[in-house]
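Asker: Provided herewith: data.cif, mmCIF, C-alpha atoms.
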data_input
loop_
_atom_site.label_atom_id
_atom_site.label_comp_id
_atom_site.auth_asym_id
_atom_site.auth_seq_id
_atom_site.Cartn_x
_atom_site.Cartn_y
_atom_site.Cartn_z
CA MET G 990 81.91 127.96 72.86
CA HIS G 991 78.93 129.33 74.75
CA GLY G 992 76.62 127.40 72.47
CA ALA G 993 78.45 124.16 73.22
CA ARG G 994 78.22 124.84 76.98
CA ARG G 995 74.50 125.49 76.75
CA THR G 996 74.08 122.26 74.78
CA ASP G 997 76.00 120.31 77.44
CA GLU G 998 73.92 121.86 80.23
CA ALA G 999 70.68 121.07 78.41
CA SER G 1000 71.84 117.51 77.83
CA HIS G 1001 72.74 117.16 81.52
CA ARG G 1002 69.35 118.50 82.61
CA LEU G 1003 67.60 116.12 80.21
CA SER G 1004 69.59 113.16 81.55
CA ALA G 1005 68.79 114.15 85.14
CA PHE G 1006 65.11 114.50 84.25
CA ARG G 1007 65.04 111.09 82.60
CA LEU G 1008 66.71 109.52 85.63
CA GLU G 1009 64.19 111.17 87.96
CA VAL G 1010 61.28 109.97 85.82
CA LYS G 1011 62.74 106.46 85.64
CA LEU G 1012 63.17 106.22 89.41
CA ARG G 1013 59.73 107.70 90.05
CA TYR G 1014 57.98 105.29 87.69
CA MET G 1015 59.92 102.32 89.03
CA GLU G 1016 58.48 103.20 92.45
CA ILE G 1017 55.00 103.67 91.00
CA TRP G 1018 55.31 100.33 89.18
CA ASP G 1019 56.15 98.53 92.41
CA ASP G 1020 53.16 100.13 94.11
CA TYR G 1021 50.92 99.25 91.16
CA VAL G 1022 51.98 95.61 91.16
CA ALA G 1023 51.45 95.43 94.91
CA ALA G 1024 47.96 96.92 94.59
CA VAL G 1025 46.97 94.47 91.85
CA SER G 1026 48.36 91.60 93.91
CA VAL G 1027 46.17 92.50 96.87
CA GLY G 1028 43.07 91.55 94.86
CA LEU G 1029 44.52 88.11 94.16
CA LEU G 1030 45.78 87.55 97.69
CA ASN G 1031 42.38 88.50 99.09
CA LEU G 1032 40.38 86.52 96.52
CA ALA G 1033 37.07 85.49 98.10
CA ILE G 1034 35.52 82.20 97.03
CA THR G 1035 32.01 81.27 98.12
CA ASP G 1036 29.73 78.38 97.29
CA LYS G 1037 26.04 78.26 96.43
CA ALA G 1038 25.07 78.66 100.07
CA GLY G 1039 27.33 81.69 100.51
CA THR G 1040 29.86 79.77 102.59
CA THR G 1041 33.42 81.07 102.26
CA LEU G 1042 35.87 78.47 100.96
CA ALA G 1043 39.63 78.41 101.34
CA PRO G 1044 41.23 79.14 97.94
CA ALA G 1045 42.83 75.69 97.73
CA PHE G 1046 39.50 73.98 98.39
CA GLY G 1047 37.58 76.31 96.08
CA PHE G 1048 39.91 75.73 93.14
CA ARG G 1049 39.97 71.99 93.80
CA ARG G 1050 36.18 71.96 93.70
CA TRP G 1051 36.21 73.92 90.43
CA ILE G 1052 38.68 71.49 88.90
CA GLU G 1053 36.59 68.51 90.02
CA LEU G 1054 33.47 70.06 88.49
CA THR G 1055 35.36 70.67 85.25
CA ARG G 1056 36.54 67.07 85.17
CA ASN G 1057 32.99 65.82 85.66
CA VAL G 1058 31.66 68.16 82.97
CA HIS G 1059 34.23 66.92 80.48
CA ALA G 1060 33.83 63.25 81.42
CA GLY G 1061 30.09 63.55 80.85
CA GLY G 1062 30.58 64.90 77.34
CA HIS G 1063 29.34 68.35 78.33
CA HIS G 1064 30.47 71.86 77.42
CA VAL G 1065 32.06 74.87 79.10
CA PHE G 1066 30.67 78.26 78.06
CA LEU G 1067 32.32 81.58 78.89
CA ILE G 1068 30.70 85.02 78.71
CA GLY G 1069 31.82 88.58 79.34
CA ASN G 1070 31.53 92.16 78.06
CA GLY G 1071 34.29 94.38 76.71
CA ALA G 1072 37.67 93.34 78.09
CA SER G 1073 35.95 90.41 79.78
CA ALA G 1074 34.69 89.27 76.37
CA GLY G 1075 38.30 89.18 75.20
CA ILE G 1076 39.25 87.17 78.28
CA ALA G 1077 36.34 84.79 77.64
CA SER G 1078 37.50 84.16 74.07
CA HIS G 1079 41.12 83.76 75.13
CA ILE G 1080 40.36 81.25 77.87
CA ALA G 1081 37.87 79.35 75.69
CA ALA G 1082 40.58 78.96 73.05
CA ASP G 1083 43.14 77.78 75.61
CA ALA G 1084 40.62 75.46 77.26
CA CYS G 1085 39.86 73.85 73.90
CA LYS G 1086 43.46 73.68 72.62
CA ASN G 1087 45.40 73.00 75.82
CA GLY G 1088 42.80 71.59 78.19
CA GLY G 1089 40.92 69.37 75.74
CA LEU G 1090 37.62 70.88 76.89
CA ARG G 1091 34.54 71.46 74.75
CA ALA G 1092 34.77 75.19 75.40
CA ARG G 1093 33.35 78.18 73.58
CA ALA G 1094 32.63 81.87 74.11
CA PHE G 1095 29.47 83.50 72.76
CA ASN G 1096 31.24 86.38 71.00
CA ASP G 1097 30.22 85.95 67.36
CA SER G 1098 29.63 89.51 66.13
CA ALA G 1099 26.73 88.65 63.80
CA LEU G 1100 24.82 86.74 66.47
CA LEU G 1101 25.55 89.37 69.12
CA THR G 1102 24.39 92.30 67.01
CA ALA G 1103 21.38 90.48 65.58
CA THR G 1104 20.20 89.50 69.05
CA ALA G 1105 20.82 92.98 70.43
CA ASN G 1106 19.06 94.66 67.51
CA ASP G 1107 16.12 92.30 67.08
CA LEU G 1108 15.51 91.39 70.72
CA SER G 1109 17.51 93.28 73.36
CA PHE G 1110 21.10 93.57 74.49
CA ASP G 1111 20.38 91.84 77.76
CA GLN G 1112 19.66 88.63 75.81
CA VAL G 1113 22.91 88.44 73.81
CA PHE G 1114 24.25 85.64 76.02
CA ALA G 1115 21.03 84.12 77.32
CA LEU G 1116 19.69 83.40 73.82
CA PRO G 1117 22.63 81.31 72.54
CA LEU G 1118 22.93 79.67 75.95
CA SER G 1119 19.30 78.58 75.72
CA ARG G 1120 20.05 77.04 72.30
CA PHE G 1121 23.36 75.33 73.03
CA GLY G 1122 23.40 74.83 76.80
CA GLY G 1123 21.89 72.07 78.87
CA ALA G 1124 22.01 70.32 82.22
CA GLY G 1125 25.52 69.19 83.05
CA ASP G 1126 27.26 71.97 81.10
CA MET G 1127 29.22 74.72 82.85
CA LEU G 1128 28.81 78.48 82.49
CA ILE G 1129 31.67 80.75 83.54
CA SER G 1130 30.62 84.39 83.76
CA ILE G 1131 33.29 87.11 83.81
CA SER G 1132 32.05 90.52 84.92
CA SER G 1133 34.03 93.18 86.77
CA SER G 1134 30.88 94.70 88.27
CA GLY G 1135 28.85 91.50 88.47
CA ARG G 1136 25.84 93.63 87.57
CA SER G 1137 25.69 93.72 83.76
CA PRO G 1138 22.08 92.93 82.76
CA ASN G 1139 23.13 90.55 79.98
CA ILE G 1140 25.35 88.63 82.41
CA VAL G 1141 22.60 88.39 85.03
CA ARG G 1142 20.09 87.30 82.37
CA ALA G 1143 22.46 84.53 81.23
CA LEU G 1144 22.96 83.41 84.83
CA GLU G 1145 19.20 83.17 85.27
CA CYS G 1146 19.00 81.11 82.08
CA ALA G 1147 21.83 78.83 83.20
CA ARG G 1148 20.17 78.20 86.54
CA ALA G 1149 16.86 77.34 84.84
CA LEU G 1150 18.62 74.92 82.47
CA GLY G 1151 20.58 73.17 85.22
CA LEU G 1152 24.11 74.23 84.27
CA TRP G 1153 26.94 74.36 86.75
CA ILE G 1154 27.73 78.04 87.32
CA VAL G 1155 31.04 79.70 88.18
CA THR G 1156 31.05 83.49 88.52
CA LEU G 1157 34.00 85.88 88.51
CA SER G 1158 33.21 89.39 89.69
CA GLY G 1159 34.52 92.45 91.54
CA MET G 1160 33.49 95.92 92.67
CA ASP G 1161 30.66 95.63 95.23
CA ALA G 1162 30.67 92.55 97.45
CA ASP G 1163 26.88 92.28 97.15
CA ASN G 1164 26.81 92.24 93.34
CA PRO G 1165 24.05 89.96 91.99
CA SER G 1166 26.38 87.57 90.15
CA ARG G 1167 27.64 86.20 93.47
CA SER G 1168 24.19 84.85 94.32
CA PHE G 1169 24.02 82.58 91.26
CA GLY G 1170 27.17 80.50 91.27
CA ASP G 1171 27.91 77.05 92.56
CA LEU G 1172 31.28 78.75 92.96
CA ASN G 1173 31.76 82.51 93.10
CA LEU G 1174 35.20 84.10 92.87
CA TYR G 1175 35.21 87.74 93.95
CA VAL G 1176 38.05 90.25 93.61
CA SER G 1177 37.78 93.01 96.20
CA SER G 1178 38.77 96.05 94.13
CA GLY G 1179 37.09 99.14 92.79
CA ARG G 1180 39.24 99.46 89.66
CA TYR G 1181 38.20 97.72 86.49
CA GLY G 1182 41.71 97.15 85.15
CA TRP G 1183 42.89 95.49 88.34
CA ILE G 1184 39.83 93.24 88.47
CA GLU G 1185 40.29 92.25 84.82
CA CYS G 1186 43.95 91.38 85.42
CA ALA G 1187 43.01 89.32 88.47
CA HIS G 1188 40.27 87.48 86.59
CA GLN G 1189 42.69 86.51 83.85
CA VAL G 1190 45.19 85.16 86.39
CA VAL G 1191 42.43 83.23 88.18
CA LEU G 1192 41.25 81.66 84.93
CA HIS G 1193 44.75 80.72 83.82
CA TYR G 1194 45.40 79.14 87.23
CA TRP G 1195 42.20 77.10 87.02
CA LEU G 1196 42.96 75.91 83.50
CA ASP G 1197 46.63 75.17 84.21
CA GLN G 1198 45.73 73.11 87.26
CA TYR G 1199 42.95 71.27 85.44
CA SER G 1200 45.19 70.53 82.45
CA ALA G 1201 47.97 69.23 84.70
CA ALA G 1202 45.56 66.98 86.60
CA ALA G 1203 44.01 65.67 83.37
CA HIS G 1204 47.46 64.95 81.93
CA GLU G 1205 48.47 62.99 85.03
CA GLU G 1206 45.20 61.03 84.95
CA ASN G 1207 45.62 60.17 81.27
CA ALA G 1208 49.19 59.02 81.91
CA LEU G 1209 48.04 56.36 84.38
#
What do you get writing this file as structure tokens?
Answerer:
Amino acid sequence: MHGARRTDEASHRLSAFRLEVKLRYMEIWDDYVAAVSVGLLNLAITDKAGTTLAPAFGFRRWIELTRNVHAGGHHVFLIGNGASAGIASHIAADACKNGGLRARAFNDSALLTATANDLSFDQVFALPLSRFGGAGDMLISISSSGRSPNIVRALECARALGLWIVTLSGMDADNPSRSFGDLNLYVSSGRYGWIECAHQVVLHYWLDQYSAAAHEENAL
């Protein structure tokens, strides 16, 4: 009898604990979503001259550039490290499959490791870009810090070759990536995960809007 009572009490305490944890994490989840959303709501877009653009105008300009790149038979290249490399591959695949773009990410493991080993890691994107890229192509760099040496090196290469440049960055507002782009999209956050989430949303929005516009144009 006493054993059954103790079991019931333990079960009650466990249920109460689970309810408390559930309510607490629901509240934390709401706060987390709100914090991530702030980065998107405060997205800063600047042009080559450093002029701040309204989001609607900035995205429209990006879509127009993409249309011109595609119409001219040019390519869209995406680069990033770590999680941003995964995002680059994901968006390149979607851009090719859904957007009809000539898109690719420089994430081949053999080429990356050979370049890093034989030359230097800061050339892992600049080298293939110098081989495949040319004037009229577009480079999209994805970097949470905007400071990765291999990203900056690729941006320098893209500028020298005459590519259109779009940068996605975060962390410090004065990160070097923001000085390279024809369009620069900056997420004001100090947390890598939040910046990465925001970058993925930004890229999906760009591609969705471009794909919709291209579909409407082709239907005419």
Asker: Within 10 Å of (33.4, 91.4, 89.0), all atoms listed in the file: residues as a PyMOL selection string?
Answerer: chain G and resi 1073+1130-1137+1156-1162+1164-1167+1173-1181+1184-1185+1187-1188
Asker: In terms of the shortest atom-to-atom distance over only C-alpha atoms, which of G:Gly1075, G:Pro1117, G:Pro1138, G:Gly1088 is closest to Gln1189 in chain G?
Answerer: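 Using only C-alpha atoms, the shortest distance to Gln1189 in chain G belongs to G:Gly1075.
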Asker: Once the PyMOL selection byres ((chain G and resi 1064) around 7) is applied to the coordinates I shared, what remains selected? I want it as a list in words.
Answerer: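 What the PyMOL selection byres ((chain G and resi 1064) around 7) grabs from the file is Val1058, His1059, Gly1062, His1063, Val1065, Phe1066, Arg1091, Ala1092, Asp1126 and Met1127 of chain G.
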Asker: Apply the PyMOL selection byres ((chain G and resi 1077) around 9) to the file shown and report the selected residues as a list in words.
Answerer: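 For this structure, the PyMOL selection byres ((chain G and resi 1077) around 9) captures Phe1066, Leu1067, Ile1068, Gly1069, Asn1070, Ala1072, Ser1073, Ala1074, Gly1075, Ile1076, Ser1078, His1079, Ile1080, Ala1081, Ala1082, Arg1093, Ala1094, Phe1095, Asn1096, Ile1129, Ser1130 and Ile1131 of chain G.
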Asker: Produce a file of the selected residues containing C-alpha atoms, as a compact mmCIF listing (two decimals), keeping the file's coordinate frame.
Answerer:
# COMPACT_ATOMS: atom_id res chain seq x y z
CA PHE G 1066 30.67 78.26 78.06
CA LEU G 1067 32.32 81.58 78.89
CA ILE G 1068 30.70 85.02 78.71
CA GLY G 1069 31.82 88.58 79.34
CA ASN G 1070 31.53 92.16 78.06
CA ALA G 1072 37.67 93.34 78.09
CA SER G 1073 35.95 90.41 79.78
CA ALA G 1074 34.69 89.27 76.37
CA GLY G 1075 38.30 89.18 75.20
CA ILE G 1076 39.25 87.17 78.28
CA SER G 1078 37.50 84.16 74.07
CA HIS G 1079 41.12 83.76 75.13
CA ILE G 1080 40.36 81.25 77.87
CA ALA G 1081 37.87 79.35 75.69
CA ALA G 1082 40.58 78.96 73.05
CA ARG G 1093 33.35 78.18 73.58
CA ALA G 1094 32.63 81.87 74.11
CA PHE G 1095 29.47 83.50 72.76
CA ASN G 1096 31.24 86.38 71.00
CA ILE G 1129 31.67 80.75 83.54
CA SER G 1130 30.62 84.39 83.76
CA ILE G 1131 33.29 87.11 83.81
Asker: What are the centre and the three edge lengths of an axis-aligned box that wraps all atoms of range 1052-1055 of chain G in the file, given that 4 Å is added to every side, written as AutoDock Vina command-line options and rounded to one decimal in Å?
Answerer:
--center_x 36.1 --center_y 70.0 --center_z 87.6 --size_x 13.2 --size_y 11.0 --size_z 12.8
Asker: Could you name the residues that touch range 1198-1206 of chain G at 12 Å or less, counting all atoms listed in the file, but leaving out those on the same chain fewer than 6 positions away, as a ChimeraX atom specification?
Answerer: /G:1045,1048-1060,1083-1090,1191-1192
Asker: Just to be explicit: take each residue in the selection above, keep C-alpha atoms, and write the result as a CSV table (one decimal), in the coordinates of the input.
Answerer:
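result.csv, written as the output of this step:
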chain,number,residue,atom,x,y,z
G,1045,ALA,CA,42.8,75.7,97.7
G,1048,PHE,CA,39.9,75.7,93.1
G,1049,ARG,CA,40.0,72.0,93.8
G,1050,ARG,CA,36.2,72.0,93.7
G,1051,TRP,CA,36.2,73.9,90.4
G,1052,ILE,CA,38.7,71.5,88.9
G,1053,GLU,CA,36.6,68.5,90.0
G,1054,LEU,CA,33.5,70.1,88.5
G,1055,THR,CA,35.4,70.7,85.2
G,1056,ARG,CA,36.5,67.1,85.2
G,1057,ASN,CA,33.0,65.8,85.7
G,1058,VAL,CA,31.7,68.2,83.0
G,1059,HIS,CA,34.2,66.9,80.5
G,1060,ALA,CA,33.8,63.2,81.4
G,1083,ASP,CA,43.1,77.8,75.6
G,1084,ALA,CA,40.6,75.5,77.3
G,1085,CYS,CA,39.9,73.8,73.9
G,1086,LYS,CA,43.5,73.7,72.6
G,1087,ASN,CA,45.4,73.0,75.8
G,1088,GLY,CA,42.8,71.6,78.2
G,1089,GLY,CA,40.9,69.4,75.7
G,1090,LEU,CA,37.6,70.9,76.9
G,1191,VAL,CA,42.4,83.2,88.2
G,1192,LEU,CA,41.2,81.7,84.9
Asker: Between G:Leu1172, G:Asp1197, G:Ala1105, G:Val1141, which residue has the minimum interatomic distance to Ala1043 in chain G, considering all atoms listed in the file?
Answerer: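 Distance minimum relative to Ala1043 in chain G lands on G:Leu1172.
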Asker: Kindly indicate which residue among G:Gly1047, G:Gly1039, G:Gly1123, G:Gly1028 lies nearest to Asp1163 in chain G, using all atoms listed in the file for the distances.
Answerer: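 Among the listed residues, G:Gly1039 lies closest to Asp1163 in chain G.
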Asker: Report the distance between CA of Gly1061 in chain G and CA of Ala1115 in chain G in Å, rounded to one decimal place.
Answerer: 22.8 Å
Asker: When you draw a straight line from CA of Ile1154 in chain G to CA of Thr1040 in chain G, how long is it in Å?
Answerer: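 So the two atoms, CA of Ile1154 in chain G and CA of Thr1040 in chain G, lie 15.5 Å apart.
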Asker: Expressed in Å to a single decimal, how great is the separation between CA of Gly1151 in chain G and CA of Asp1111 in chain G?
Answerer: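 So the two atoms, CA of Gly1151 in chain G and CA of Asp1111 in chain G, lie 20.1 Å apart.
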Asker: Output range 1014-1053 of chain G from the block with N, CA and C atoms, as a PDB file, in the first residue's frame?
Answerer:
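File result_9.pdb, as written:
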ATOM      1  N   TYR G1014       9.989  25.910 -21.583  1.00  0.00           N
ATOM      2  CA  TYR G1014      10.619  25.869 -22.899  1.00  0.00           C
ATOM      3  C   TYR G1014       9.726  26.440 -23.991  1.00  0.00           C
ATOM      4  N   MET G1015       8.415  26.410 -23.779  1.00  0.00           N
ATOM      5  CA  MET G1015       7.534  27.109 -24.713  1.00  0.00           C
ATOM      6  C   MET G1015       7.825  28.598 -24.664  1.00  0.00           C
ATOM      7  N   GLU G1016       8.027  29.126 -23.441  1.00  0.00           N
ATOM      8  CA  GLU G1016       8.340  30.549 -23.291  1.00  0.00           C
ATOM      9  C   GLU G1016       9.702  30.862 -23.898  1.00  0.00           C
ATOM     10  N   ILE G1017      10.690  30.003 -23.652  1.00  0.00           N
ATOM     11  CA  ILE G1017      12.014  30.207 -24.221  1.00  0.00           C
ATOM     12  C   ILE G1017      11.958  30.142 -25.746  1.00  0.00           C
ATOM     13  N   TRP G1018      11.157  29.222 -26.282  1.00  0.00           N
ATOM     14  CA  TRP G1018      11.013  29.098 -27.734  1.00  0.00           C
ATOM     15  C   TRP G1018      10.474  30.384 -28.335  1.00  0.00           C
ATOM     16  N   ASP G1019       9.448  30.946 -27.712  1.00  0.00           N
ATOM     17  CA  ASP G1019       8.884  32.200 -28.218  1.00  0.00           C
ATOM     18  C   ASP G1019       9.931  33.306 -28.218  1.00  0.00           C
ATOM     19  N   ASP G1020      10.705  33.370 -27.139  1.00  0.00           N
ATOM     20  CA  ASP G1020      11.754  34.385 -27.054  1.00  0.00           C
ATOM     21  C   ASP G1020      12.827  34.150 -28.120  1.00  0.00           C
ATOM     22  N   TYR G1021      13.147  32.890 -28.343  1.00  0.00           N
ATOM     23  CA  TYR G1021      14.183  32.532 -29.320  1.00  0.00           C
ATOM     24  C   TYR G1021      13.749  32.924 -30.726  1.00  0.00           C
ATOM     25  N   VAL G1022      12.504  32.587 -31.063  1.00  0.00           N
ATOM     26  CA  VAL G1022      11.982  32.936 -32.384  1.00  0.00           C
ATOM     27  C   VAL G1022      11.971  34.450 -32.564  1.00  0.00           C
ATOM     28  N   ALA G1023      11.569  35.159 -31.513  1.00  0.00           N
ATOM     29  CA  ALA G1023      11.530  36.620 -31.589  1.00  0.00           C
ATOM     30  C   ALA G1023      12.928  37.190 -31.810  1.00  0.00           C
ATOM     31  N   ALA G1024      13.916  36.621 -31.118  1.00  0.00           N
ATOM     32  CA  ALA G1024      15.290  37.111 -31.256  1.00  0.00           C
ATOM     33  C   ALA G1024      15.827  36.860 -32.658  1.00  0.00           C
ATOM     34  N   VAL G1025      15.554  35.678 -33.205  1.00  0.00           N
ATOM     35  CA  VAL G1025      15.993  35.379 -34.570  1.00  0.00           C
ATOM     36  C   VAL G1025      15.308  36.312 -35.565  1.00  0.00           C
ATOM     37  N   SER G1026      14.040  36.588 -35.320  1.00  0.00           N
ATOM     38  CA  SER G1026      13.268  37.437 -36.234  1.00  0.00           C
ATOM     39  C   SER G1026      13.798  38.860 -36.280  1.00  0.00           C
ATOM     40  N   VAL G1027      14.362  39.326 -35.165  1.00  0.00           N
ATOM     41  CA  VAL G1027      14.888  40.690 -35.124  1.00  0.00           C
ATOM     42  C   VAL G1027      15.952  40.887 -36.203  1.00  0.00           C
ATOM     43  N   GLY G1028      16.811  39.884 -36.393  1.00  0.00           N
ATOM     44  CA  GLY G1028      17.849  39.992 -37.416  1.00  0.00           C
ATOM     45  C   GLY G1028      17.275  40.156 -38.803  1.00  0.00           C
ATOM     46  N   LEU G1029      16.165  39.467 -39.075  1.00  0.00           N
ATOM     47  CA  LEU G1029      15.523  39.580 -40.386  1.00  0.00           C
ATOM     48  C   LEU G1029      14.799  40.909 -40.529  1.00  0.00           C
ATOM     49  N   LEU G1030      14.108  41.316 -39.474  1.00  0.00           N
ATOM     50  CA  LEU G1030      13.361  42.574 -39.537  1.00  0.00           C
ATOM     51  C   LEU G1030      14.287  43.775 -39.669  1.00  0.00           C
ATOM     52  N   ASN G1031      15.492  43.651 -39.109  1.00  0.00           N
ATOM     53  CA  ASN G1031      16.460  44.750 -39.170  1.00  0.00           C
ATOM     54  C   ASN G1031      17.534  44.532 -40.237  1.00  0.00           C
ATOM     55  N   LEU G1032      17.246  43.664 -41.204  1.00  0.00           N
ATOM     56  CA  LEU G1032      18.206  43.394 -42.277  1.00  0.00           C
ATOM     57  C   LEU G1032      18.643  44.701 -42.938  1.00  0.00           C
ATOM     58  N   ALA G1033      19.953  44.890 -43.024  1.00  0.00           N
ATOM     59  CA  ALA G1033      20.497  46.105 -43.646  1.00  0.00           C
ATOM     60  C   ALA G1033      21.046  45.764 -45.025  1.00  0.00           C
ATOM     61  N   ILE G1034      20.576  46.480 -46.028  1.00  0.00           N
ATOM     62  CA  ILE G1034      21.045  46.270 -47.398  1.00  0.00           C
ATOM     63  C   ILE G1034      21.714  47.549 -47.881  1.00  0.00           C
ATOM     64  N   THR G1035      22.945  47.416 -48.337  1.00  0.00           N
ATOM     65  CA  THR G1035      23.669  48.569 -48.866  1.00  0.00           C
ATOM     66  C   THR G1035      24.179  48.250 -50.265  1.00  0.00           C
ATOM     67  N   ASP G1036      24.421  49.308 -51.032  1.00  0.00           N
ATOM     68  CA  ASP G1036      24.953  49.110 -52.379  1.00  0.00           C
ATOM     69  C   ASP G1036      26.463  49.323 -52.389  1.00  0.00           C
ATOM     70  N   LYS G1037      27.021  49.375 -53.573  1.00  0.00           N
ATOM     71  CA  LYS G1037      28.472  49.486 -53.729  1.00  0.00           C
ATOM     72  C   LYS G1037      29.022  50.762 -53.105  1.00  0.00           C
ATOM     73  N   ALA G1038      28.211  51.812 -53.109  1.00  0.00           N
ATOM     74  CA  ALA G1038      28.648  53.090 -52.556  1.00  0.00           C
ATOM     75  C   ALA G1038      28.417  53.191 -51.055  1.00  0.00           C
ATOM     76  N   GLY G1039      27.818  52.146 -50.463  1.00  0.00           N
ATOM     77  CA  GLY G1039      27.521  52.169 -49.040  1.00  0.00           C
ATOM     78  C   GLY G1039      26.184  52.795 -48.707  1.00  0.00           C
ATOM     79  N   THR G1040      25.399  53.111 -49.726  1.00  0.00           N
ATOM     80  CA  THR G1040      24.075  53.698 -49.516  1.00  0.00           C
ATOM     81  C   THR G1040      23.102  52.629 -49.037  1.00  0.00           C
ATOM     82  N   THR G1041      22.341  52.950 -48.001  1.00  0.00           N
ATOM     83  CA  THR G1041      21.354  52.011 -47.471  1.00  0.00           C
ATOM     84  C   THR G1041      20.131  51.969 -48.372  1.00  0.00           C
ATOM     85  N   LEU G1042      19.698  50.760 -48.702  1.00  0.00           N
ATOM     86  CA  LEU G1042      18.542  50.564 -49.573  1.00  0.00           C
ATOM     87  C   LEU G1042      17.389  49.974 -48.778  1.00  0.00           C
ATOM     88  N   ALA G1043      16.178  50.384 -49.109  1.00  0.00           N
ATOM     89  CA  ALA G1043      15.004  49.753 -48.515  1.00  0.00           C
ATOM     90  C   ALA G1043      14.989  48.289 -48.938  1.00  0.00           C
ATOM     91  N   PRO G1044      14.574  47.372 -48.049  1.00  0.00           N
ATOM     92  CA  PRO G1044      14.583  45.947 -48.405  1.00  0.00           C
ATOM     93  C   PRO G1044      13.890  45.643 -49.726  1.00  0.00           C
ATOM     94  N   ALA G1045      12.732  46.235 -49.956  1.00  0.00           N
ATOM     95  CA  ALA G1045      12.001  45.953 -51.198  1.00  0.00           C
ATOM     96  C   ALA G1045      12.830  46.343 -52.416  1.00  0.00           C
ATOM     97  N   PHE G1046      13.481  47.498 -52.351  1.00  0.00           N
ATOM     98  CA  PHE G1046      14.301  47.953 -53.476  1.00  0.00           C
ATOM     99  C   PHE G1046      15.552  47.092 -53.615  1.00  0.00           C
ATOM    100  N   GLY G1047      16.172  46.756 -52.480  1.00  0.00           N
ATOM    101  CA  GLY G1047      17.380  45.946 -52.525  1.00  0.00           C
ATOM    102  C   GLY G1047      17.141  44.574 -53.133  1.00  0.00           C
ATOM    103  N   PHE G1048      16.057  43.920 -52.718  1.00  0.00           N
ATOM    104  CA  PHE G1048      15.749  42.605 -53.287  1.00  0.00           C
ATOM    105  C   PHE G1048      15.359  42.720 -54.760  1.00  0.00           C
ATOM    106  N   ARG G1049      14.634  43.776 -55.115  1.00  0.00           N
ATOM    107  CA  ARG G1049      14.269  43.960 -56.520  1.00  0.00           C
ATOM    108  C   ARG G1049      15.521  44.130 -57.379  1.00  0.00           C
ATOM    109  N   ARG G1050      16.475  44.881 -56.865  1.00  0.00           N
ATOM    110  CA  ARG G1050      17.736  45.063 -57.589  1.00  0.00           C
ATOM    111  C   ARG G1050      18.465  43.729 -57.738  1.00  0.00           C
ATOM    112  N   TRP G1051      18.476  42.925 -56.694  1.00  0.00           N
ATOM    113  CA  TRP G1051      19.135  41.620 -56.738  1.00  0.00           C
ATOM    114  C   TRP G1051      18.468  40.713 -57.770  1.00  0.00           C
ATOM    115  N   ILE G1052      17.157  40.741 -57.794  1.00  0.00           N
ATOM    116  CA  ILE G1052      16.412  39.914 -58.753  1.00  0.00           C
ATOM    117  C   ILE G1052      16.673  40.382 -60.183  1.00  0.00           C
ATOM    118  N   GLU G1053      16.741  41.690 -60.384  1.00  0.00           N
ATOM    119  CA  GLU G1053      17.041  42.220 -61.717  1.00  0.00           C
ATOM    120  C   GLU G1053      18.445  41.808 -62.163  1.00  0.00           C
TER     121      GLU G1053
END
